[in-house]
Structures are given as C-alpha cells and as structure tokens.
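Raw protein-v1.cif, mmCIF, C-alpha atoms and all ligand atoms:
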data_entry
loop_
_atom_site.label_atom_id
_atom_site.label_comp_id
_atom_site.auth_asym_id
_atom_site.auth_seq_id
_atom_site.Cartn_x
_atom_site.Cartn_y
_atom_site.Cartn_z
CA MET A 2 -35.27 116.48 92.70
CA THR A 3 -31.75 115.15 92.75
CA LYS A 4 -30.28 115.71 89.29
CA ILE A 5 -31.08 116.08 85.61
CA GLU A 6 -31.60 112.42 84.79
CA HIS A 7 -31.83 112.90 81.05
CA ILE A 8 -32.76 115.24 78.24
CA GLY A 9 -35.22 113.87 75.71
CA ILE A 10 -34.69 114.80 72.08
CA ALA A 11 -37.32 114.16 69.40
CA VAL A 12 -35.80 112.83 66.18
CA LYS A 13 -37.25 111.75 62.86
CA ASP A 14 -34.91 108.84 62.25
CA LEU A 15 -33.41 107.01 65.21
CA GLU A 16 -30.69 105.26 63.24
CA SER A 17 -29.21 108.40 61.72
CA ALA A 18 -29.64 110.35 64.99
CA ASN A 19 -27.75 107.57 66.81
CA LYS A 20 -24.79 108.21 64.49
CA VAL A 21 -24.93 111.95 65.06
CA TYR A 22 -25.05 111.64 68.86
CA ALA A 23 -22.39 108.94 68.95
CA ALA A 24 -20.12 111.33 67.05
CA LEU A 25 -21.09 114.24 69.30
CA LEU A 26 -20.60 112.43 72.59
CA GLY A 27 -17.69 110.29 71.47
CA LYS A 28 -19.34 106.98 72.36
CA PRO A 29 -22.18 104.81 71.12
CA HIS A 30 -25.61 104.52 72.72
CA TYR A 31 -25.78 101.87 75.42
CA LYS A 32 -29.38 100.85 75.01
CA VAL A 33 -32.34 100.90 72.66
CA GLU A 34 -35.83 100.34 73.91
CA SER A 35 -39.37 100.55 72.55
CA VAL A 36 -42.16 101.90 74.71
CA GLU A 37 -45.15 100.55 72.85
CA SER A 38 -47.73 102.37 75.01
CA GLU A 39 -46.15 105.71 74.04
CA GLY A 40 -45.51 104.84 70.41
CA VAL A 41 -41.78 105.52 70.67
CA ASP A 42 -38.45 103.90 70.02
CA THR A 43 -35.75 105.28 72.28
CA SER A 44 -32.01 105.09 72.55
CA PHE A 45 -29.85 106.20 75.45
CA PHE A 46 -26.41 107.75 75.70
CA GLN A 47 -24.58 108.25 78.97
CA CYS A 48 -23.02 111.67 79.50
CA GLY A 49 -21.51 112.02 82.94
CA GLU A 50 -24.24 111.43 85.47
CA SER A 51 -26.94 112.40 82.99
CA LYS A 52 -28.21 110.83 79.80
CA ILE A 53 -29.47 111.78 76.40
CA GLU A 54 -32.65 110.01 75.33
CA LEU A 55 -33.41 110.05 71.62
CA LEU A 56 -37.08 109.53 70.82
CA ALA A 57 -38.51 108.51 67.46
CA ALA A 58 -42.19 107.90 66.71
CA THR A 59 -43.32 104.41 65.77
CA ASN A 60 -46.69 105.58 64.44
CA PRO A 61 -48.32 108.84 63.27
CA GLU A 62 -50.43 109.08 66.47
CA SER A 63 -47.37 109.06 68.70
CA PRO A 64 -46.86 112.21 70.79
CA ILE A 65 -43.38 112.41 69.23
CA ALA A 66 -44.82 112.41 65.69
CA LYS A 67 -47.17 115.23 66.70
CA PHE A 68 -44.37 117.17 68.38
CA ILE A 69 -42.14 116.96 65.29
CA GLU A 70 -45.02 117.90 63.02
CA LYS A 71 -45.63 121.04 65.06
CA ARG A 72 -42.17 122.10 66.13
CA GLY A 73 -39.66 120.02 64.20
CA GLU A 74 -36.88 117.94 65.71
CA GLY A 75 -35.32 119.15 68.94
CA ILE A 76 -35.44 119.09 72.71
CA HIS A 77 -38.69 117.46 73.77
CA HIS A 78 -38.41 117.25 77.56
CA ILE A 79 -36.10 117.52 80.55
CA ALA A 80 -36.27 114.69 83.06
CA PHE A 81 -35.44 115.16 86.71
CA ALA A 82 -34.62 112.25 88.97
CA VAL A 83 -36.74 112.02 92.11
CA ASP A 84 -36.55 109.64 95.05
CA ASP A 85 -40.29 109.49 95.71
CA ILE A 86 -42.38 110.29 92.67
CA GLU A 87 -45.74 110.22 94.49
CA ALA A 88 -44.50 112.71 97.08
CA GLU A 89 -43.08 114.96 94.34
CA ILE A 90 -46.37 114.89 92.42
CA ASP A 91 -48.23 115.95 95.59
CA ARG A 92 -45.71 118.67 96.31
CA LEU A 93 -45.79 120.06 92.76
CA LYS A 94 -49.59 120.03 92.62
CA LYS A 95 -49.64 122.12 95.78
CA GLU A 96 -47.19 124.49 94.09
CA GLY A 97 -49.69 124.90 91.26
CA PHE A 98 -48.09 122.74 88.58
CA ARG A 99 -50.35 120.82 86.24
CA VAL A 100 -49.47 117.14 86.34
CA LEU A 101 -50.37 115.34 83.10
CA ASN A 102 -50.56 111.87 84.64
CA GLU A 103 -51.15 111.84 88.36
CA THR A 104 -50.68 108.11 88.45
CA PRO A 105 -47.04 107.46 87.52
CA LYS A 106 -46.55 105.21 84.51
CA GLN A 107 -43.92 102.86 83.18
CA GLY A 108 -41.24 104.66 81.17
CA ALA A 109 -38.15 103.52 79.33
CA ASP A 110 -34.92 102.62 81.11
CA ASN A 111 -36.56 100.95 84.12
CA LYS A 112 -38.23 104.11 85.39
CA ILE A 113 -41.63 105.15 86.59
CA ILE A 114 -42.46 108.55 85.24
CA ALA A 115 -44.89 111.46 85.29
CA PHE A 116 -45.06 114.59 83.17
CA LEU A 117 -45.86 118.20 84.00
CA HIS A 118 -47.71 120.30 81.46
CA PRO A 119 -45.29 122.66 79.65
CA LYS A 120 -47.66 125.58 80.27
CA SER A 121 -46.97 125.39 83.98
CA SER A 122 -43.19 125.33 83.53
CA ASN A 123 -42.45 128.12 81.05
CA GLY A 124 -42.87 126.02 77.93
CA VAL A 125 -40.73 123.07 79.02
CA LEU A 126 -42.21 119.60 79.23
CA VAL A 127 -40.88 118.26 82.54
CA GLU A 128 -40.59 114.56 83.30
CA LEU A 129 -40.19 113.24 86.81
CA CYS A 130 -38.54 109.87 86.97
CA GLN A 131 -37.90 107.45 89.73
CA GLU A 132 -35.72 104.39 89.41
CA ARG A 133 -37.71 101.17 89.82
CA ASN A 134 -36.42 98.90 92.51
ZN ZN B 201 -37.64 110.88 79.08
#

As structure tokens, please, write out the structure in this file.
Amino acid sequence: MTKIEHIGIAVKDLESANKVYAALLGKPHYKVESVESEGVDTSFFQCGESKIELLAATNPESPIAKFIEKRGEGIHHIAFAVDDIEAEIDRLKKEGFRVLNETPKQGADNKIIAFLHPKSSNGVLVELCQERN
C-alpha cells in the first residue's frame, strides 16, 4: 500500500455536505460522479496527496443508506492506494483478512476497488484502490 488515497464519508445530503467540506478545506470539490451499481452519488475534494470522498445514497437499498440508518453520518471507509490490487488481495487473504469482493470492481474516480470486511480490520471498512490505466 502506497498512501491513504481517500477517506470516504457517508452523508445524507450531498449538496449541503459539499458546502460544509468546501468551507472546511478551503476549496470546492473537483468532481461529482454517480456509481449506479453501488447506489451512490459521490463528490471528491483534493487535500494534499489524499482526497475526501463524500458518499450519498441514491436509493434506500444503497449500502450508504443502510450505513447511515445504523450509524448515522460519518467516516464510512479508508481507502489505500495499491499498485497491484490482485496481488494485494492475495497477500491480505493469506494474512487472514476477509475480502468482500475477491474480483475487483469498478469504483468512482477511475479506480478498480475491493473492500475488506470491517470485522477483520478492527471495525474499519478498508478499500483497496488501484488507478486504472
Ligand atoms: Zn472510496
């Protein structure tokens, strides 16, 4: 893993959260993107070499809707950049981590991604993400 690529934050309302995070970080988001397969609208803020990803549900079945229902708004996941996601998945499985999707999937921001179950990482949902070439 090479750096913290982004921190994902679950929000109820993307538009109002965009204003809050623009004020916090001192600059506007640089991108909005919908990931239809995940039922989320996202927006991204650059902060140094890392990013903040705001996530809002687009339907009640979305994992983000369920997360907010259970735990309220807040930090949803931490994403680590990896150079070779398949190799990292193999390595982490051998280390005993539970990988939620062993076949990497398309994520927002031109990434292929995989998640680790929070139970295997002390309650934190971990995302691995590799830049698509
Ligand atoms: Zn993410």

- Enumerate as a ChimeraX atom specification the residues within 7 Å of ligand ZN 201 (chain B), counting only C-alpha atoms and all ligand atoms. /A:7-9,54,78-80,128

- Tell me, as a list of chain:residue names, which residues lie within 7 Å of Lys106 (chain A), counting only C-alpha atoms; anything in the same chain fewer than 3 positions away does not count.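 Contacts, with the query itself left out: A:Ile113, A:Ile114, A:Ala115.
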
Write the selection just made, keeping C-alpha atoms, as a tab-separated table (two decimals), in the frame of the given file?
chain	number	residue	atom	x	y	z
A	113	ILE	CA	-41.63	105.15	86.59
A	114	ILE	CA	-42.46	108.55	85.24
A	115	ALA	CA	-44.89	111.46	85.29

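If all atoms listed in the file are the atoms counted, then among A:Leu93, A:Leu26, A:Ile10, A:Ile86 the closest residue to Ala58 (chain A) is A:Ile10.
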
- Using only C-alpha atoms: which of A:Lys13, A:Arg92, A:Lys112, A:Lys4 has the shortest distance to Asp42 (chain A): A:Lys13

- Could you please determine the separation between CA of Leu25 (chain A) and CA of Asp110 (chain A) in Å, to one decimal place?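 Atom-to-atom, CA of Leu25 (chain A) to CA of Asp110 (chain A), that is 21.6 Å.
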
- Query: Got a sec: who's within 9 Å of Glu87 (chain A), counting only C-alpha atoms, leaving out chain neighbours fewer than 6 positions off, as number ranges by chain?
  - Reply: A: 103-105

- Residue with the minimum atom-to-atom distance to Ala11 (chain A), picked from A:His77, A:His30, A:Ser63, A:Ser35 with only C-alpha atoms counted, is A:His77

- Item | Minimum-distance residue to Thr43 (chain A), chosen among A:Ala109, A:Ile5, A:Val21, A:Lys67 (using only C-alpha atoms) | A:Ala109

- For CA of Val36 (chain A) and CA of Asp84 (chain A), determine how far apart the two atoms are, in Å to one decimal place.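 Separating CA of Val36 (chain A) from CA of Asp84 (chain A) is a distance of 22.5 Å.
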
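Among A:Ile76, A:Ile53, A:Asn111, A:Val12, the residue with the shortest atom-to-atom distance to Val125 (chain A), counting all atoms listed in the file, is A:Ile76.
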
- Item | Contacts of Val100 (chain A) at 7 Å (all atoms listed in the file; same-chain gap of 3+ positions) as JSON, numbers by chain | {"A": [94, 103, 116, 117, 118]}
